[in-house]
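Dropping model_17.cif in here (mmCIF, C-alpha atoms):
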```cif
data_start
loop_
_atom_site.label_atom_id
_atom_site.label_comp_id
_atom_site.auth_asym_id
_atom_site.auth_seq_id
_atom_site.Cartn_x
_atom_site.Cartn_y
_atom_site.Cartn_z
CA MET A 1 24.12 -6.18 -5.19
CA ARG A 2 25.28 -3.59 -2.66
CA VAL A 3 21.67 -2.55 -2.02
CA LYS A 4 20.60 -6.17 -1.59
CA SER A 5 23.44 -6.76 0.84
CA LEU A 6 22.47 -3.70 2.85
CA ILE A 7 18.85 -4.81 3.02
CA MET A 8 19.88 -8.31 4.13
CA ALA A 9 22.12 -6.90 6.80
CA LEU A 10 19.46 -4.58 8.14
CA CYS A 11 16.79 -7.27 8.01
CA MET A 12 19.05 -9.67 9.87
CA GLY A 13 19.38 -7.03 12.56
CA ILE A 14 15.61 -6.96 12.95
CA VAL A 15 15.37 -10.74 12.95
CA LEU A 16 17.90 -10.85 15.78
CA VAL A 17 15.78 -8.38 17.74
CA GLY A 18 12.75 -10.64 17.49
CA CYS A 19 10.12 -12.18 15.27
CA ASN A 20 6.93 -10.60 16.53
CA ASN A 21 5.76 -7.05 15.86
CA LEU A 22 6.02 -6.02 19.50
CA GLN A 23 9.77 -6.55 19.35
CA LYS A 24 10.26 -5.70 15.71
CA GLY A 25 8.30 -2.47 16.01
CA ALA A 26 10.67 -1.35 18.73
CA GLY A 27 13.59 -1.84 16.38
CA ILE A 28 11.90 -0.10 13.48
CA GLY A 29 10.74 2.78 15.66
CA ALA A 30 14.32 3.60 16.54
CA ALA A 31 16.37 6.05 14.49
CA GLY A 32 17.88 3.47 12.16
CA GLY A 33 14.46 2.12 11.27
CA ALA A 34 13.69 5.04 8.97
CA VAL A 35 16.59 4.05 6.72
CA LEU A 36 15.37 0.47 6.43
CA GLY A 37 11.81 1.69 5.95
CA GLY A 38 12.84 3.86 3.03
CA ILE A 39 14.63 0.99 1.28
CA ILE A 40 11.94 -1.63 1.80
CA GLY A 41 9.20 0.87 1.04
CA HIS A 42 10.77 1.76 -2.30
CA ILE A 43 11.13 -1.86 -3.32
CA ALA A 44 7.57 -2.63 -2.28
CA GLY A 45 6.21 0.19 -4.43
CA ASN A 46 5.59 2.34 -1.36
CA THR A 47 6.01 5.96 -2.41
CA ALA A 48 6.62 7.67 0.92
CA VAL A 49 3.30 6.93 2.61
CA GLY A 50 3.22 8.03 6.21
CA ALA A 51 1.89 10.82 8.39
CA ALA A 52 3.90 14.05 8.45
CA ILE A 53 4.94 13.91 12.08
CA GLY A 54 6.75 16.53 14.09
CA GLY A 55 9.56 14.41 15.50
CA ALA A 56 11.12 10.98 15.72
CA VAL A 57 8.93 8.13 16.95
CA GLY A 58 10.42 6.34 19.92
CA ALA A 59 11.07 2.62 20.12
CA GLY A 60 8.26 2.03 22.59
CA THR A 61 5.74 3.87 20.44
CA GLY A 62 6.89 1.93 17.38
CA ALA A 63 6.37 -1.34 19.24
CA ILE A 64 2.83 -0.44 20.25
CA ILE A 65 1.95 0.61 16.70
CA GLY A 66 3.50 -2.58 15.35
CA LYS A 67 1.32 -4.71 17.61
CA HIS A 68 -1.78 -2.73 16.59
CA MET A 69 -0.99 -3.04 12.89
CA ASP A 70 -0.81 -6.82 13.32
CA LYS A 71 -4.53 -6.69 14.10
CA VAL A 72 -5.22 -4.46 11.10
CA LYS A 73 -3.30 -6.83 8.84
CA ALA A 74 -5.27 -9.83 10.11
CA GLU A 75 -8.53 -8.05 9.31
CA ALA A 76 -7.33 -7.02 5.84
CA GLU A 77 -6.36 -10.63 5.10
CA GLN A 78 -10.06 -11.51 5.13
CA VAL A 79 -10.73 -9.33 2.06
CA LYS A 80 -11.40 -11.44 -1.03
CA ASN A 81 -8.95 -11.28 -3.95
CA ALA A 82 -6.51 -9.14 -1.98
CA GLU A 83 -2.81 -9.72 -1.40
CA VAL A 84 -1.91 -8.33 2.02
CA GLN A 85 1.63 -7.51 3.10
CA GLU A 86 3.33 -5.83 6.01
CA VAL A 87 5.48 -2.92 4.84
CA THR A 88 7.17 0.07 6.44
CA ASP A 89 6.02 3.66 6.06
CA ALA A 90 8.13 6.80 5.64
CA ASN A 91 8.48 7.10 9.41
CA GLY A 92 9.85 3.58 9.81
CA LEU A 93 6.57 2.36 11.31
CA ASP A 94 4.72 -0.82 10.44
CA ALA A 95 2.02 -0.38 7.80
CA VAL A 96 -0.23 -2.66 5.77
CA LYS A 97 -0.34 -2.84 1.97
CA VAL A 98 -3.41 -4.32 0.26
CA THR A 99 -2.86 -5.09 -3.41
CA PHE A 100 -5.51 -5.83 -6.01
CA ASP A 101 -4.63 -7.16 -9.45
CA SER A 102 -6.13 -4.63 -11.89
CA GLY A 103 -7.63 -7.54 -13.81
CA ILE A 104 -9.82 -8.25 -10.77
CA LEU A 105 -11.04 -4.66 -10.56
CA PHE A 106 -11.23 -3.51 -14.16
CA ALA A 107 -11.65 -4.65 -17.74
CA THR A 108 -8.56 -4.26 -19.94
CA GLY A 109 -7.81 -0.60 -20.61
CA LYS A 110 -10.80 0.57 -18.55
CA ALA A 111 -11.23 2.37 -15.24
CA ASP A 112 -14.79 1.25 -14.50
CA LEU A 113 -15.05 -1.13 -11.54
CA THR A 114 -16.45 -4.56 -12.32
CA ALA A 115 -19.42 -5.88 -10.38
CA ALA A 116 -17.30 -8.65 -8.85
CA SER A 117 -14.64 -6.20 -7.66
CA LYS A 118 -17.17 -4.26 -5.63
CA ILE A 119 -17.57 -7.20 -3.27
CA SER A 120 -13.88 -7.07 -2.39
CA LEU A 121 -13.95 -3.30 -1.99
CA GLN A 122 -17.00 -3.51 0.26
CA GLU A 123 -15.02 -5.79 2.55
CA LEU A 124 -12.05 -3.42 2.43
CA ALA A 125 -14.33 -0.49 3.25
CA ASN A 126 -15.45 -2.32 6.39
CA VAL A 127 -11.81 -2.68 7.47
CA LEU A 128 -11.15 1.02 6.88
CA LYS A 129 -14.29 2.11 8.76
CA LYS A 130 -13.32 -0.11 11.68
CA ASN A 131 -9.82 1.38 11.74
CA THR A 132 -10.39 5.10 11.36
CA ASN A 133 -7.09 5.81 13.10
CA CYS A 134 -5.34 4.42 10.02
CA ASP A 135 -4.57 6.93 7.28
CA VAL A 136 -4.95 5.59 3.76
CA ALA A 137 -3.10 6.06 0.46
CA ILE A 138 -4.30 4.61 -2.85
CA GLN A 139 -1.86 4.08 -5.70
CA GLY A 140 -2.51 2.85 -9.22
CA TYR A 141 0.05 1.17 -11.49
CA THR A 142 0.22 -0.32 -14.99
CA ASP A 143 2.62 -2.43 -16.99
CA ASN A 144 4.81 -0.81 -19.68
CA VAL A 145 2.79 -1.93 -22.70
CA GLY A 146 2.29 0.97 -25.11
CA PHE A 147 -0.89 2.20 -26.74
CA LYS A 148 -1.54 1.44 -30.39
CA GLY A 149 -0.63 4.36 -32.61
CA LYS A 150 1.07 6.27 -29.81
CA THR A 151 4.72 7.06 -29.25
CA ALA A 152 6.58 5.63 -26.27
CA ALA A 153 6.39 8.98 -24.48
CA GLN A 154 2.66 9.29 -25.15
CA SER A 155 2.08 5.76 -23.90
CA VAL A 156 3.89 6.52 -20.65
CA GLU A 157 1.56 9.46 -20.01
CA LEU A 158 -1.54 7.49 -21.03
CA ASN A 159 -0.57 4.66 -18.68
CA LYS A 160 -0.09 7.18 -15.87
CA ALA A 161 -3.50 8.70 -16.56
CA LEU A 162 -5.13 5.25 -16.62
CA SER A 163 -3.51 4.28 -13.34
CA LEU A 164 -4.75 7.50 -11.71
CA ASP A 165 -8.27 6.96 -13.05
CA ARG A 166 -8.26 3.47 -11.57
CA ALA A 167 -6.99 4.63 -8.18
CA ALA A 168 -9.62 7.38 -8.21
CA ALA A 169 -12.35 4.84 -9.06
CA VAL A 170 -11.38 2.78 -6.01
CA TYR A 171 -11.36 5.90 -3.82
CA THR A 172 -14.75 7.09 -5.10
CA TYR A 173 -16.34 3.72 -4.48
CA LEU A 174 -14.88 3.41 -0.99
CA GLN A 175 -16.20 6.87 -0.20
CA SER A 176 -19.66 5.87 -1.47
CA LEU A 177 -19.56 3.00 1.04
CA GLY A 178 -19.05 5.37 3.95
CA VAL A 179 -15.26 5.64 4.19
CA ASN A 180 -14.55 9.18 5.36
CA ALA A 181 -12.90 11.24 2.63
CA SER A 182 -10.52 12.76 5.21
CA GLN A 183 -9.12 9.31 6.01
CA VAL A 184 -7.72 8.96 2.48
CA LYS A 185 -4.66 11.20 2.33
CA ASN A 186 -3.37 10.44 -1.17
CA VAL A 187 -4.81 9.11 -4.43
CA GLU A 188 -2.08 8.80 -7.06
CA GLY A 189 -1.34 7.15 -10.37
CA PHE A 190 2.23 6.12 -11.14
CA GLY A 191 1.68 4.31 -14.44
CA GLN A 192 4.54 1.97 -15.21
CA GLU A 193 6.79 3.26 -12.42
CA ASN A 194 7.83 1.04 -9.51
CA PRO A 195 7.30 -2.35 -11.18
CA VAL A 196 7.13 -5.29 -8.77
CA ALA A 197 7.97 -7.85 -11.47
CA SER A 198 9.59 -8.03 -14.90
CA ASN A 199 7.62 -6.52 -17.77
CA ASP A 200 9.31 -9.03 -20.10
CA THR A 201 6.73 -11.73 -19.35
CA GLU A 202 2.94 -11.75 -19.28
CA ALA A 203 3.01 -13.05 -15.71
CA GLY A 204 5.21 -10.14 -14.68
CA ARG A 205 3.10 -7.58 -16.51
CA LYS A 206 0.00 -8.92 -14.78
CA GLN A 207 1.62 -8.32 -11.39
CA ASN A 208 2.53 -4.78 -12.39
CA ARG A 209 -1.06 -3.94 -13.33
CA ARG A 210 -2.35 -3.29 -9.83
CA VAL A 211 -3.94 -0.96 -7.31
CA GLU A 212 -2.31 -0.70 -3.91
CA VAL A 213 -4.09 0.53 -0.79
CA TYR A 214 -1.88 1.44 2.17
CA LEU A 215 -3.08 1.60 5.77
CA TYR A 216 -0.58 3.39 7.98
CA ALA A 217 -0.37 5.17 11.32
CA SER A 218 -2.16 8.52 11.48
CA GLN A 219 -1.06 11.26 13.83
CA GLU A 220 -4.00 10.22 16.01
CA MET A 221 -2.65 6.68 16.23
CA ILE A 222 0.85 7.90 16.99
CA ASN A 223 -0.48 10.17 19.76
CA ALA A 224 -2.48 7.30 21.25
CA ALA A 225 0.55 5.02 21.14
CA GLU A 226 2.69 7.66 22.86
CA ALA A 227 0.00 8.08 25.52
CA GLY A 228 -0.25 4.31 26.00
CA THR A 229 -3.95 4.23 25.06
CA LEU A 230 -3.69 2.48 21.66
CA GLN A 231 -5.26 -0.97 21.83
#
```
Spell out the structure here as structure tokens.
Amino acid sequence: MRVKSLIMALCMGIVLVGCNNLQKGAGIGAAGGAVLGGIIGHIAGNTAVGAAIGGAVGAGTGAIIGKHMDKVKAEAEQVKNAEVQEVTDANGLDAVKVTFDSGILFATGKADLTAASKISLQELANVLKKNTNCDVAIQGYTDNVGFKGKTAAQSVELNKALSLDRAAAVYTYLQSLGVNASQVKNVEGFGQENPVASNDTEAGRKQNRRVEVYLYASQEMINAAEAGTLQ
């Protein structure tokens, strides 16, 4: 409850600053924004995505990046079968999270992309190629259902391996479509960690079986924002 109260208080502070990203980005780009970013990022399943930058990002730079990421989010929202959310990266800057239900991408227990899923990933690839100043992280997740004949500990490791295989399959396919390998900074599998819903229900487990693709500010984007040249 204390964490929820802190989040509400911090979020209310941002709401009071303003409702659009130009204003909100200024608030997040300030020193206190990193704290809020860490809390929201953790809840959203964001495992510290963000460029390793040399110093704090100023409020003005954060505002410019926020406005730019609004455009990126709007483009990502056109991708079929994708849930698109605005999140905050490890630097307190606006980022975009694109989530695919694993059932859309893969058959149960498999890491081979389905034919239908490739249409969605082709559309996502176009967004990434259009926004090369966005760094990318790909994260795979599973529910907590165990494997038949395996211990709980073995199932945890098998789920982690499956989630990594699925994240890697998404990365490999995006690369085959022309996404530059250097744009993708992390490909990770977290298994049943960071659930976004309860594993006690089938509906919740379905939400937890997912692949998340994060688009966040690269050092190039940060430099452009600081120079006032980011459009």
Find the residues near segment 152-157 of chain A: any atom within 10 Å, counting all atoms listed in the file, skip ones fewer than 5 places away on the same chain, and give them as a PDB file with C-alpha atoms, keeping the file's coordinate frame.
```pdb
ATOM      1  CA  THR A 142       0.220  -0.320 -14.990  1.00  0.00           C
ATOM      2  CA  ASP A 143       2.620  -2.430 -16.990  1.00  0.00           C
ATOM      3  CA  ASN A 144       4.810  -0.810 -19.680  1.00  0.00           C
ATOM      4  CA  VAL A 145       2.790  -1.930 -22.700  1.00  0.00           C
ATOM      5  CA  GLY A 146       2.290   0.970 -25.110  1.00  0.00           C
ATOM      6  CA  PHE A 147      -0.890   2.200 -26.740  1.00  0.00           C
ATOM      7  CA  LEU A 162      -5.130   5.250 -16.620  1.00  0.00           C
ATOM      8  CA  SER A 163      -3.510   4.280 -13.340  1.00  0.00           C
ATOM      9  CA  PHE A 190       2.230   6.120 -11.140  1.00  0.00           C
ATOM     10  CA  GLY A 191       1.680   4.310 -14.440  1.00  0.00           C
ATOM     11  CA  GLN A 192       4.540   1.970 -15.210  1.00  0.00           C
ATOM     12  CA  GLU A 193       6.790   3.260 -12.420  1.00  0.00           C
TER      13      GLU A 193
END
```
Expected answer as a list in words: all residues with atoms within 9 Å of (-18.2, 0.1, -0.3), all atoms listed in the file: Lys118, Ile119, Ser120, Leu121, Gln122, Glu123, Leu124, Ala125, Asn126, Tyr173, Leu174, Gln175, Ser176, Leu177, Gly178 and Val179 of chain A
Expand the PyMOL selection byres ((chain A and resi 61) around 9) into the explicit residue set it covers here, and present it as a VMD selection string. chain A and resid 25 to 26 29 57 to 60 62 to 66 222 to 228
Selection dump of the PyMOL selection byres ((chain A and resi 96) around 8), as a PDB file with C-alpha atoms, keeping the file's coordinate frame:
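Output saved as selection-v2.pdb:
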```
ATOM      1  CA  MET A  69      -0.990  -3.040  12.890  1.00  0.00           C
ATOM      2  CA  VAL A  72      -5.220  -4.460  11.100  1.00  0.00           C
ATOM      3  CA  LYS A  73      -3.300  -6.830   8.840  1.00  0.00           C
ATOM      4  CA  VAL A  84      -1.910  -8.330   2.020  1.00  0.00           C
ATOM      5  CA  GLN A  85       1.630  -7.510   3.100  1.00  0.00           C
ATOM      6  CA  GLU A  86       3.330  -5.830   6.010  1.00  0.00           C
ATOM      7  CA  VAL A  87       5.480  -2.920   4.840  1.00  0.00           C
ATOM      8  CA  THR A  88       7.170   0.070   6.440  1.00  0.00           C
ATOM      9  CA  ASP A  94       4.720  -0.820  10.440  1.00  0.00           C
ATOM     10  CA  ALA A  95       2.020  -0.380   7.800  1.00  0.00           C
ATOM     11  CA  LYS A  97      -0.340  -2.840   1.970  1.00  0.00           C
ATOM     12  CA  VAL A  98      -3.410  -4.320   0.260  1.00  0.00           C
ATOM     13  CA  TYR A 214      -1.880   1.440   2.170  1.00  0.00           C
ATOM     14  CA  LEU A 215      -3.080   1.600   5.770  1.00  0.00           C
ATOM     15  CA  TYR A 216      -0.580   3.390   7.980  1.00  0.00           C
TER      16      TYR A 216
END
```
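Distances from A:Lys206, A:Lys110, A:Lys71, A:Lys185 to Gln139 of chain A were compared using only C-alpha atoms, and the smallest one belongs to A:Lys185.
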For a test of reading the model, state the distance in Å between atom CA of Leu230 of chain A and atom CA of Ala217 of chain A, rounded to one decimal. 11.2 Å
Hey, what comes out of the PyMOL selection byres ((chain A and resi 207) around 12) on this file? Could you write it as number ranges by chain? A: 45, 83, 99-104, 141-144, 192, 194-206, 208-212
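One finds atom CA of Asn133 of chain A at 22.8 Å from atom CA of Ala169 of chain A.
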